[in-house]
Structures are given as C-alpha cells and as structure tokens.
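Structure file data_23.pdb (PDB, C-alpha atoms, pLDDT in the B column) follows.
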ATOM      1  CA  MET H 262      71.977  -8.715  83.561  1.00 92.00           C
ATOM      2  CA  LEU H 263      75.554  -8.310  84.792  1.00 94.00           C
ATOM      3  CA  PHE H 264      78.240 -10.969  84.773  1.00 96.00           C
ATOM      4  CA  LEU H 265      80.559 -11.047  87.770  1.00 96.00           C
ATOM      5  CA  LYS H 266      84.203 -12.104  87.835  1.00 97.00           C
ATOM      6  CA  MET H 267      86.478 -12.223  90.855  1.00 97.00           C
ATOM      7  CA  TYR H 268      90.197 -11.513  90.570  1.00 96.00           C
ATOM      8  CA  ASP H 269      92.640 -12.999  93.086  1.00 95.00           C
ATOM      9  CA  PRO H 270      96.026 -11.215  92.912  1.00 95.00           C
ATOM     10  CA  LYS H 271      97.794 -13.882  94.968  1.00 93.00           C
ATOM     11  CA  SER H 272      96.988 -16.673  92.513  1.00 92.00           C
ATOM     12  CA  ARG H 273      96.770 -14.342  89.469  1.00 91.00           C
ATOM     13  CA  MET H 274      93.446 -15.900  88.476  1.00 93.00           C
ATOM     14  CA  ILE H 275      90.059 -14.640  87.346  1.00 94.00           C
ATOM     15  CA  CYS H 276      87.077 -16.742  88.422  1.00 95.00           C
ATOM     16  CA  TYR H 277      83.515 -16.560  87.204  1.00 96.00           C
ATOM     17  CA  ALA H 278      81.269 -15.490  90.090  1.00 96.00           C
ATOM     18  CA  GLY H 279      77.894 -15.820  88.382  1.00 95.00           C
ATOM     19  CA  HIS H 280      75.464 -13.272  87.084  1.00 95.00           C
ATOM     20  CA  VAL H 281      72.833 -10.991  88.580  1.00 96.00           C
ATOM     21  CA  TYR H 282      69.669  -9.374  87.311  1.00 95.00           C
ATOM     22  CA  VAL H 283      69.417  -5.852  88.695  1.00 93.00           C
ATOM     23  CA  PRO H 284      67.692  -2.656  87.513  1.00 92.00           C
ATOM     24  CA  ILE H 285      69.838   0.122  86.047  1.00 89.00           C
ATOM     25  CA  SER H 286      68.859   2.315  89.008  1.00 90.00           C
ATOM     26  CA  TYR H 287      70.702  -0.112  91.343  1.00 93.00           C
ATOM     27  CA  ARG H 288      73.652   1.577  93.031  1.00 94.00           C
ATOM     28  CA  VAL H 289      77.073  -0.020  92.615  1.00 95.00           C
ATOM     29  CA  GLU H 290      77.469  -0.329  96.391  1.00 95.00           C
ATOM     30  CA  GLU H 291      74.371  -2.538  96.503  1.00 95.00           C
ATOM     31  CA  LEU H 292      76.317  -5.179  94.568  1.00 96.00           C
ATOM     32  CA  ILE H 293      78.971  -5.510  97.293  1.00 96.00           C
ATOM     33  CA  PRO H 294      77.018  -7.942  99.536  1.00 96.00           C
ATOM     34  CA  ILE H 295      76.204 -10.112  96.510  1.00 96.00           C
ATOM     35  CA  MET H 296      79.833 -10.182  95.399  1.00 97.00           C
ATOM     36  CA  ASN H 297      81.099 -10.933  98.905  1.00 96.00           C
ATOM     37  CA  GLU H 298      78.668 -13.827  99.209  1.00 96.00           C
ATOM     38  CA  ARG H 299      79.621 -15.250  95.802  1.00 95.00           C
ATOM     39  CA  ALA H 300      83.333 -15.015  96.637  1.00 95.00           C
ATOM     40  CA  GLY H 301      82.936 -16.480 100.110  1.00 95.00           C
ATOM     41  CA  PHE H 302      84.199 -13.281 101.758  1.00 95.00           C
ATOM     42  CA  ARG H 303      82.857 -11.787 104.972  1.00 94.00           C
ATOM     43  CA  SER H 304      79.897  -9.507 104.268  1.00 90.00           C
ATOM     44  CA  ASP H 305      81.818  -6.383 105.357  1.00 91.00           C
ATOM     45  CA  THR H 306      84.827  -7.008 103.093  1.00 94.00           C
ATOM     46  CA  ASP H 307      85.875  -3.924 101.110  1.00 95.00           C
ATOM     47  CA  LEU H 308      86.096  -4.473  97.368  1.00 97.00           C
ATOM     48  CA  ILE H 309      87.680  -2.793  94.365  1.00 96.00           C
ATOM     49  CA  MET H 310      85.562  -2.993  91.212  1.00 97.00           C
ATOM     50  CA  PHE H 311      86.339  -2.704  87.534  1.00 95.00           C
ATOM     51  CA  GLU H 312      84.239  -2.670  84.392  1.00 94.00           C
ATOM     52  CA  GLU H 313      85.476  -4.909  81.590  1.00 92.00           C
ATOM     53  CA  VAL H 314      84.759  -2.608  78.661  1.00 89.00           C
ATOM     54  CA  LYS H 315      86.370  -5.003  76.171  1.00 84.00           C
ATOM     55  CA  PRO H 316      88.915  -7.813  76.538  1.00 77.00           C
ATOM     56  CA  ASN H 317      91.936  -5.513  76.667  1.00 79.00           C
ATOM     57  CA  LEU H 318      90.288  -2.525  78.384  1.00 87.00           C
ATOM     58  CA  VAL H 319      89.384  -2.601  82.078  1.00 91.00           C
ATOM     59  CA  GLU H 320      88.308   0.599  83.837  1.00 92.00           C
ATOM     60  CA  ARG H 321      88.175   1.051  87.607  1.00 94.00           C
ATOM     61  CA  ILE H 322      84.778   2.007  89.013  1.00 94.00           C
ATOM     62  CA  GLU H 323      85.462   4.963  91.287  1.00 93.00           C
ATOM     63  CA  ASN H 324      82.127   6.048  92.763  1.00 93.00           C
ATOM     64  CA  TYR H 325      80.091   3.230  94.314  1.00 94.00           C
ATOM     65  CA  GLU H 326      77.236   5.561  95.288  1.00 95.00           C
ATOM     66  CA  LEU H 327      76.206   6.157  91.677  1.00 93.00           C
ATOM     67  CA  PRO H 328      73.552   4.076  89.947  1.00 93.00           C
ATOM     68  CA  LEU H 329      74.839   1.522  87.461  1.00 92.00           C
ATOM     69  CA  ASP H 330      73.810   3.554  84.405  1.00 88.00           C
ATOM     70  CA  LYS H 331      75.995   6.467  85.606  1.00 91.00           C
ATOM     71  CA  ALA H 332      78.925   4.465  87.028  1.00 90.00           C
ATOM     72  CA  LEU H 333      79.495   2.176  84.042  1.00 86.00           C
ATOM     73  CA  ASP H 334      80.779   3.525  80.735  1.00 78.00           C
ATOM     74  CA  GLU H 335      78.062   2.209  78.430  1.00 77.00           C
ATOM     75  CA  LEU H 336      75.700   0.040  80.448  1.00 80.00           C
ATOM     76  CA  MET H 337      74.332  -2.825  78.379  1.00 82.00           C
ATOM     77  CA  ASP H 338      72.773  -6.171  79.141  1.00 83.00           C
ATOM     78  CA  GLY H 339      75.652  -8.591  79.708  1.00 87.00           C
ATOM     79  CA  ASP H 340      78.215  -6.095  81.024  1.00 92.00           C
ATOM     80  CA  ILE H 341      81.028  -7.594  83.089  1.00 94.00           C
ATOM     81  CA  ILE H 342      82.106  -6.345  86.503  1.00 95.00           C
ATOM     82  CA  ILE H 343      85.345  -7.627  87.967  1.00 96.00           C
ATOM     83  CA  PHE H 344      85.920  -7.336  91.692  1.00 97.00           C
ATOM     84  CA  GLN H 345      88.722  -8.085  94.116  1.00 96.00           C
ATOM     85  CA  LYS H 346      89.441  -7.652  97.807  1.00 95.00           C
ATOM     86  CA  ASP H 347      90.722  -4.226  98.769  1.00 94.00           C
ATOM     87  CA  ASP H 348      93.716  -5.620 100.631  1.00 91.00           C
ATOM     88  CA  PRO H 349      97.014  -3.748 101.234  1.00 91.00           C
ATOM     89  CA  GLU H 350      98.885  -7.055 100.795  1.00 90.00           C
ATOM     90  CA  ASN H 351      97.851  -7.017  97.111  1.00 89.00           C
ATOM     91  CA  GLU H 352     100.527  -4.396  96.425  1.00 91.00           C
ATOM     92  CA  GLU H 353     103.179  -7.057  97.080  1.00 90.00           C
ATOM     93  CA  CYS H 354     101.775  -9.258  94.298  1.00 89.00           C
ATOM     94  CA  ASP H 355     103.143  -9.267  90.750  1.00 86.00           C
ATOM     95  CA  LEU H 356      99.768  -8.214  89.342  1.00 89.00           C
ATOM     96  CA  PRO H 357      98.042  -6.335  92.189  1.00 93.00           C
ATOM     97  CA  THR H 358      94.864  -5.310  90.328  1.00 93.00           C
ATOM     98  CA  ALA H 359      92.560  -6.766  87.710  1.00 93.00           C
ATOM     99  CA  LYS H 360      93.690  -3.975  85.390  1.00 91.00           C
ATOM    100  CA  ASP H 361      97.299  -5.156  85.754  1.00 89.00           C
ATOM    101  CA  TYR H 362      96.196  -8.745  85.114  1.00 90.00           C
ATOM    102  CA  PHE H 363      94.432  -7.861  81.861  1.00 88.00           C
ATOM    103  CA  ARG H 364      97.360  -5.724  80.679  1.00 86.00           C
ATOM    104  CA  ASP H 365      99.681  -8.668  81.337  1.00 84.00           C
ATOM    105  CA  LEU H 366      97.318 -11.044  79.538  1.00 83.00           C
ATOM    106  CA  TYR H 367      97.076  -8.750  76.508  1.00 82.00           C
ATOM    107  CA  TYR H 368     100.862  -8.406  76.123  1.00 79.00           C
ATOM    108  CA  ARG H 369     101.713 -12.008  77.002  1.00 78.00           C
ATOM    109  CA  VAL H 370     103.754 -13.852  74.397  1.00 76.00           C
ATOM    110  CA  GLU H 371     105.051 -17.372  74.148  1.00 74.00           C
ATOM    111  CA  VAL H 372     108.777 -17.634  73.533  1.00 75.00           C
ATOM    112  CA  VAL H 373     110.050 -21.060  72.487  1.00 75.00           C
ATOM    113  CA  PHE H 374     113.699 -21.877  73.192  1.00 72.00           C
ATOM    114  CA  CYS H 375     115.257 -24.641  71.138  1.00 72.00           C
ATOM    115  CA  ASP H 376     118.621 -25.751  69.816  1.00 72.00           C
ATOM    116  CA  LYS H 377     118.416 -25.395  66.017  1.00 73.00           C
ATOM    117  CA  THR H 378     121.513 -27.555  65.515  1.00 76.00           C
ATOM    118  CA  THR H 379     119.791 -30.591  67.083  1.00 74.00           C
ATOM    119  CA  PRO H 380     116.548 -31.401  65.200  1.00 69.00           C
ATOM    120  CA  SER H 381     115.231 -33.848  67.815  1.00 72.00           C
ATOM    121  CA  ASN H 382     115.820 -31.440  70.716  1.00 67.00           C
ATOM    122  CA  SER H 383     112.700 -30.670  72.694  1.00 71.00           C
ATOM    123  CA  THR H 384     111.599 -27.081  73.056  1.00 70.00           C
ATOM    124  CA  LEU H 385     111.146 -25.061  76.204  1.00 66.00           C
ATOM    125  CA  PRO H 386     108.158 -22.689  76.060  1.00 70.00           C
ATOM    126  CA  LEU H 387     108.251 -19.618  78.282  1.00 65.00           C
ATOM    127  CA  TYR H 388     105.310 -17.258  78.698  1.00 66.00           C
ATOM    128  CA  ARG H 389     106.280 -13.645  79.273  1.00 62.00           C
ATOM    129  CA  SER H 390     104.696 -10.273  79.034  1.00 64.00           C
ATOM    130  CA  ASP H 391     107.970  -8.399  79.339  1.00 59.00           C
ATOM    131  CA  LEU H 392     108.578  -7.167  75.811  1.00 50.00           C
ATOM    132  CA  ARG H 393     112.147  -6.119  76.625  1.00 49.00           C
ATOM    133  CA  MET H 394     113.007  -9.771  77.332  1.00 57.00           C
ATOM    134  CA  LEU H 395     111.557 -10.780  73.982  1.00 53.00           C
ATOM    135  CA  LEU H 396     113.491  -8.106  72.121  1.00 54.00           C
ATOM    136  CA  SER H 397     116.797  -9.066  73.744  1.00 57.00           C
ATOM    137  CA  CYS H 398     116.098 -12.720  72.924  1.00 58.00           C
ATOM    138  CA  VAL H 399     115.453 -11.953  69.253  1.00 56.00           C
ATOM    139  CA  THR H 400     118.600  -9.786  69.077  1.00 53.00           C
ATOM    140  CA  VAL H 401     120.747 -12.675  70.312  1.00 51.00           C
ATOM    141  CA  GLY H 402     119.069 -14.956  67.767  1.00 51.00           C
ATOM    142  CA  THR H 403     118.668 -17.995  70.004  1.00 52.00           C
ATOM    143  CA  CYS H 404     114.908 -18.340  70.002  1.00 49.00           C
ATOM    144  CA  THR H 405     111.818 -18.187  67.835  1.00 49.00           C
ATOM    145  CA  THR H 406     108.310 -16.979  68.576  1.00 46.00           C
ATOM    146  CA  GLU H 407     105.144 -18.712  67.517  1.00 46.00           C
TER
END
Structure translated into structure tokens:
Amino acid sequence: MLFLKMYDPKSRMICYAGHVYVPISYRVEELIPIMNERAGFRSDTDLIMFEEVKPNLVERIENYELPLDKALDELMDGDIIIFQKDDPENEECDLPTAKDYFRDLYYRVEVVFCDKTTPSNSTLPLYRSDLRMLLSCVTVGTCTTE
C-alpha cells in the first residue's frame, strides 16, 4: 500500500490524494495515470515524484522505469509518494518543489512581535523559515520566540 500526496507550488499546499494497493514489481511510471486521475490532471500530464522517507527528508525519484522496490529507498507498506506537475512555471514560485516545501516546513519558526512596555498590547505572530531574519530580530532584542 502506498499513500499519495499532491504538492501544488502555486498555493504551497500538500493535499492527500488517496492510497493505492500495487505489487512491488509495479513500475513507477505505471502510477502516473492513477496520480493524474486523482489530481484531476489530464492523463498525459508529466509529473515529478518524490519519496517521503521521513517528515524532514524527501528524495526525488529519478528513474520512473524501475520497479517500486528498486526506485524507492526502503520500500515498506505505507510508504508515501508525493507528486506534482512538471511545469516550467513552478520555478517562479517561492517553493517550486515538494522538497523545497518540506525544507521550509522543517525550518519554519513562529516569531512573535510585541511591545514589552505595554502589557495589554496584542502580539503579531509572523511565520518565517528564514533563519537570518530570526537572528537579526533576536540581536535587536525586540521580539521573543515561542
């Protein structure tokens, strides 16, 4: 059993696309029509695929002609494959690939801005994955992290 997730770089969202029961001898390319149907894409849409090895490690699947047991790192029941459209416009997006999305998610921090001299002042949370911004904020001393 494989779980399928679809990544949309334009909206920066991962969506669950169901699961499939396939034998380990199934070639990766044989999953493409299933994925296109689940995503609502045309059947001839080119896809980029990734294996979610663990929550902070996503590896691109390079050879779609290989069977699943050779293409995936350690094939197990319940493995997760993430796919996205192979679209040149994706390069213009902030997070063009699923790998970029998961890297951003892993390093994302919440920075809370508040005025410490006014106890009743509301806070302004800001979610960033740019660690340089966080370090410059802490150096100035005008924010706290939670």
For this session: Find the spatial neighbours of H:Ile275, counting all atoms listed in the file, within a cut-off of 10 Å - ignore same-chain residues fewer than 6 positions away - and output them as a list in words.
Result: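 What passes the distance filter is Lys266, Met267, Tyr268, Asp269, Ile343, Phe344, Gln345, Ala359, Tyr362 and Phe363 of chain H.
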For this session: Can you pull out every residue within 9 Å of H:His280, counting all atoms listed in the file, but drop anything in the same chain fewer than 3 positions away, and send it as an MDAnalysis selection string?
Result: chainID H and resid 262:266 277 339 341
Problem set entry | H:Lys377, H:Lys360, H:Arg369, H:Lys346 ranked by distance to H:Ala300, top pick (using all atoms listed in the file) | H:Lys346
For this session: Could you tell me which residues the PyMOL selection byres ((chain H and resi 314-318) around 12) grabs in this file, written as a list in words?
Result: Phe311, Glu312, Glu313, Val319, Glu320, Arg321, Ile322, Leu333, Asp334, Glu335, Leu336, Met337, Gly339, Asp340, Ile341, Ile342, Ile343, Ala359, Lys360, Asp361, Tyr362, Phe363, Arg364, Asp365, Leu366, Tyr367, Tyr368 and Arg369 of chain H
Got time to write the residues from that selection, C-alpha atoms, as a short mmCIF file (atom, residue, chain, number, x, y, z; two decimals), keeping the file's coordinate frame?
data_model
loop_
_atom_site.label_atom_id
_atom_site.label_comp_id
_atom_site.auth_asym_id
_atom_site.auth_seq_id
_atom_site.Cartn_x
_atom_site.Cartn_y
_atom_site.Cartn_z
CA PHE H 311 86.34 -2.70 87.53
CA GLU H 312 84.24 -2.67 84.39
CA GLU H 313 85.48 -4.91 81.59
CA VAL H 319 89.38 -2.60 82.08
CA GLU H 320 88.31 0.60 83.84
CA ARG H 321 88.18 1.05 87.61
CA ILE H 322 84.78 2.01 89.01
CA LEU H 333 79.50 2.18 84.04
CA ASP H 334 80.78 3.52 80.74
CA GLU H 335 78.06 2.21 78.43
CA LEU H 336 75.70 0.04 80.45
CA MET H 337 74.33 -2.82 78.38
CA GLY H 339 75.65 -8.59 79.71
CA ASP H 340 78.22 -6.10 81.02
CA ILE H 341 81.03 -7.59 83.09
CA ILE H 342 82.11 -6.34 86.50
CA ILE H 343 85.34 -7.63 87.97
CA ALA H 359 92.56 -6.77 87.71
CA LYS H 360 93.69 -3.98 85.39
CA ASP H 361 97.30 -5.16 85.75
CA TYR H 362 96.20 -8.74 85.11
CA PHE H 363 94.43 -7.86 81.86
CA ARG H 364 97.36 -5.72 80.68
CA ASP H 365 99.68 -8.67 81.34
CA LEU H 366 97.32 -11.04 79.54
CA TYR H 367 97.08 -8.75 76.51
CA TYR H 368 100.86 -8.41 76.12
CA ARG H 369 101.71 -12.01 77.00
#
Exercise. Between H:Cys375, H:Val370, H:Thr306, H:Asp355, which has the minimum distance to H:Glu290 (counting all atoms listed in the file)?
Worked result: H:Thr306
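Straight-line separation from atom CA of H:Ser286 to atom CA of H:Ile309: 20.2 Å.
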Exercise. With distances taken over only C-alpha atoms, which of H:Asn351, H:Phe302, H:Asp338, H:Lys331 is nearest to H:Val281?
Worked result: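 Using only C-alpha atoms, H:Val281 sits closest to H:Asp338.
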Problem set entry | Separation of atom CA of H:Glu326 from atom CA of H:Asp305, in Å and rounded to one decimal |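 Atom-to-atom, atom CA of H:Glu326 and atom CA of H:Asp305 are spaced 16.3 Å apart.
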Do you know which residues are at most 9 Å from H:Ile285 counting all atoms listed in the file, after dropping those on the same chain fewer than 2 positions away, and could you put them as a compact mmCIF listing (two decimals) with C-alpha atoms, in the frame of the given file?
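Output file result.txt is given in full below:
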# COMPACT_ATOMS: atom_id res chain seq x y z
CA VAL H 283 69.42 -5.85 88.70
CA TYR H 287 70.70 -0.11 91.34
CA ARG H 288 73.65 1.58 93.03
CA PRO H 328 73.55 4.08 89.95
CA LEU H 329 74.84 1.52 87.46
CA ASP H 330 73.81 3.55 84.40
CA LYS H 331 76.00 6.47 85.61
CA LEU H 336 75.70 0.04 80.45
Exercise. How far is it from atom CA of H:Pro284 to atom CA of H:Tyr325, in Å with one decimal?
Worked result: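 We find that atom CA of H:Pro284 and atom CA of H:Tyr325 lie 15.3 Å from each other.
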Assuming 8 Å of padding per side, give the centre and edge lengths of the axis-aligned box around every listed atom of stretch 306-315 of chain H, in Å to one decimal and as lines of an AutoDock Vina configuration file.
center_x = 86.0
center_y = -4.8
center_z = 89.6
size_x = 19.4
size_y = 20.4
size_z = 42.9
Exercise. In terms of the shortest atom-to-atom distance over all atoms listed in the file, which of H:Val289, H:Met296, H:Leu356, H:Ala332 is closest to H:Pro270?
Worked result: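 Of H:Val289, H:Met296, H:Leu356, H:Ala332, the one nearest H:Pro270 is H:Leu356, counting all atoms listed in the file.
Nearest residue to H:Gly301, choosing from H:Asp376, H:Asp347, H:Ala278, H:Thr384 and counting only C-alpha atoms: H:Ala278.
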Residue rebuild result stretch 356-367 of chain H, all heavy atoms as a CSV table (one decimal), in the frame of the given file:
chain,number,residue,atom,x,y,z
H,356,LEU,N,100.9,-8.9,90.1
H,356,LEU,CA,99.8,-8.2,89.3
H,356,LEU,C,98.7,-7.8,90.4
H,356,LEU,O,97.7,-8.5,90.6
H,356,LEU,CB,99.2,-9.1,88.3
H,356,LEU,CG,100.2,-9.7,87.3
H,356,LEU,CD1,99.6,-10.8,86.4
H,356,LEU,CD2,100.8,-8.6,86.4
H,357,PRO,N,98.9,-6.7,91.0
H,357,PRO,CA,98.0,-6.3,92.2
H,357,PRO,C,96.6,-6.0,91.9
H,357,PRO,O,95.7,-6.1,92.8
H,357,PRO,CB,98.7,-5.1,92.8
H,357,PRO,CG,99.6,-4.6,91.7
H,357,PRO,CD,99.9,-5.7,90.8
H,358,THR,N,96.3,-5.6,90.7
H,358,THR,CA,94.9,-5.3,90.3
H,358,THR,C,94.4,-6.1,89.1
H,358,THR,O,95.2,-6.5,88.3
H,358,THR,CB,94.7,-3.8,90.1
H,358,THR,OG1,95.4,-3.5,88.9
H,358,THR,CG2,95.2,-3.0,91.2
H,359,ALA,N,93.1,-6.1,88.9
H,359,ALA,CA,92.6,-6.8,87.7
H,359,ALA,C,93.0,-6.0,86.4
H,359,ALA,O,93.3,-6.7,85.4
H,359,ALA,CB,91.0,-6.8,87.8
H,360,LYS,N,93.2,-4.7,86.5
H,360,LYS,CA,93.7,-4.0,85.4
H,360,LYS,C,95.1,-4.4,85.0
H,360,LYS,O,95.4,-4.6,83.8
H,360,LYS,CB,93.7,-2.5,85.7
H,360,LYS,CG,93.9,-1.6,84.5
H,360,LYS,CD,93.6,-0.2,84.9
H,360,LYS,CE,93.8,0.7,83.6
H,360,LYS,NZ,93.0,1.9,83.6
H,361,ASP,N,95.9,-4.7,86.0
H,361,ASP,CA,97.3,-5.2,85.8
H,361,ASP,C,97.2,-6.6,85.1
H,361,ASP,O,98.0,-6.9,84.2
H,361,ASP,CB,98.1,-5.2,87.0
H,361,ASP,CG,98.3,-3.8,87.6
H,361,ASP,OD1,98.6,-2.9,86.9
H,361,ASP,OD2,98.3,-3.7,88.9
H,362,TYR,N,96.3,-7.4,85.6
H,362,TYR,CA,96.2,-8.7,85.1
H,362,TYR,C,95.8,-8.7,83.6
H,362,TYR,O,96.4,-9.4,82.8
H,362,TYR,CB,95.1,-9.5,85.9
H,362,TYR,CG,94.8,-10.8,85.3
H,362,TYR,CD1,95.6,-12.0,85.6
H,362,TYR,CD2,93.7,-11.0,84.5
H,362,TYR,CE1,95.2,-13.2,85.0
H,362,TYR,CE2,93.4,-12.2,83.9
H,362,TYR,CZ,94.1,-13.3,84.2
H,362,TYR,OH,93.8,-14.5,83.7
H,363,PHE,N,94.9,-7.9,83.3
H,363,PHE,CA,94.4,-7.9,81.9
H,363,PHE,C,95.5,-7.3,81.0
H,363,PHE,O,95.6,-7.7,79.8
H,363,PHE,CB,93.1,-7.1,81.7
H,363,PHE,CG,91.9,-8.0,82.0
H,363,PHE,CD1,91.4,-8.1,83.3
H,363,PHE,CD2,91.4,-8.8,81.0
H,363,PHE,CE1,90.3,-8.9,83.5
H,363,PHE,CE2,90.3,-9.6,81.2
H,363,PHE,CZ,89.8,-9.7,82.5
H,364,ARG,N,96.2,-6.3,81.5
H,364,ARG,CA,97.4,-5.7,80.7
H,364,ARG,C,98.4,-6.8,80.4
H,364,ARG,O,98.9,-7.0,79.3
H,364,ARG,CB,98.0,-4.5,81.4
H,364,ARG,CG,99.1,-3.8,80.6
H,364,ARG,CD,99.7,-2.7,81.3
H,364,ARG,NE,98.7,-1.7,81.7
H,364,ARG,CZ,98.5,-1.3,83.0
H,364,ARG,NH1,99.2,-1.7,83.9
H,364,ARG,NH2,97.6,-0.4,83.2
H,365,ASP,N,98.7,-7.6,81.5
H,365,ASP,CA,99.7,-8.7,81.3
H,365,ASP,C,99.2,-9.7,80.3
H,365,ASP,O,99.9,-10.2,79.5
H,365,ASP,CB,99.9,-9.3,82.7
H,365,ASP,CG,100.8,-10.5,82.6
H,365,ASP,OD1,102.1,-10.3,82.5
H,365,ASP,OD2,100.4,-11.7,82.7
H,366,LEU,N,97.9,-10.0,80.4
H,366,LEU,CA,97.3,-11.0,79.5
H,366,LEU,C,97.4,-10.6,78.1
H,366,LEU,O,97.7,-11.3,77.2
H,366,LEU,CB,95.9,-11.3,80.0
H,366,LEU,CG,95.2,-12.5,79.3
H,366,LEU,CD1,95.8,-13.8,79.6
H,366,LEU,CD2,93.7,-12.5,79.8
H,367,TYR,N,97.1,-9.3,77.9
H,367,TYR,CA,97.1,-8.8,76.5
H,367,TYR,C,98.5,-8.8,75.9
H,367,TYR,O,98.6,-9.0,74.7
H,367,TYR,CB,96.5,-7.3,76.5
H,367,TYR,CG,96.4,-6.7,75.2
H,367,TYR,CD1,95.4,-7.1,74.3
H,367,TYR,CD2,97.3,-5.7,74.8
H,367,TYR,CE1,95.3,-6.5,73.1
H,367,TYR,CE2,97.1,-5.1,73.5
H,367,TYR,CZ,96.1,-5.5,72.7
H,367,TYR,OH,96.0,-5.0,71.4
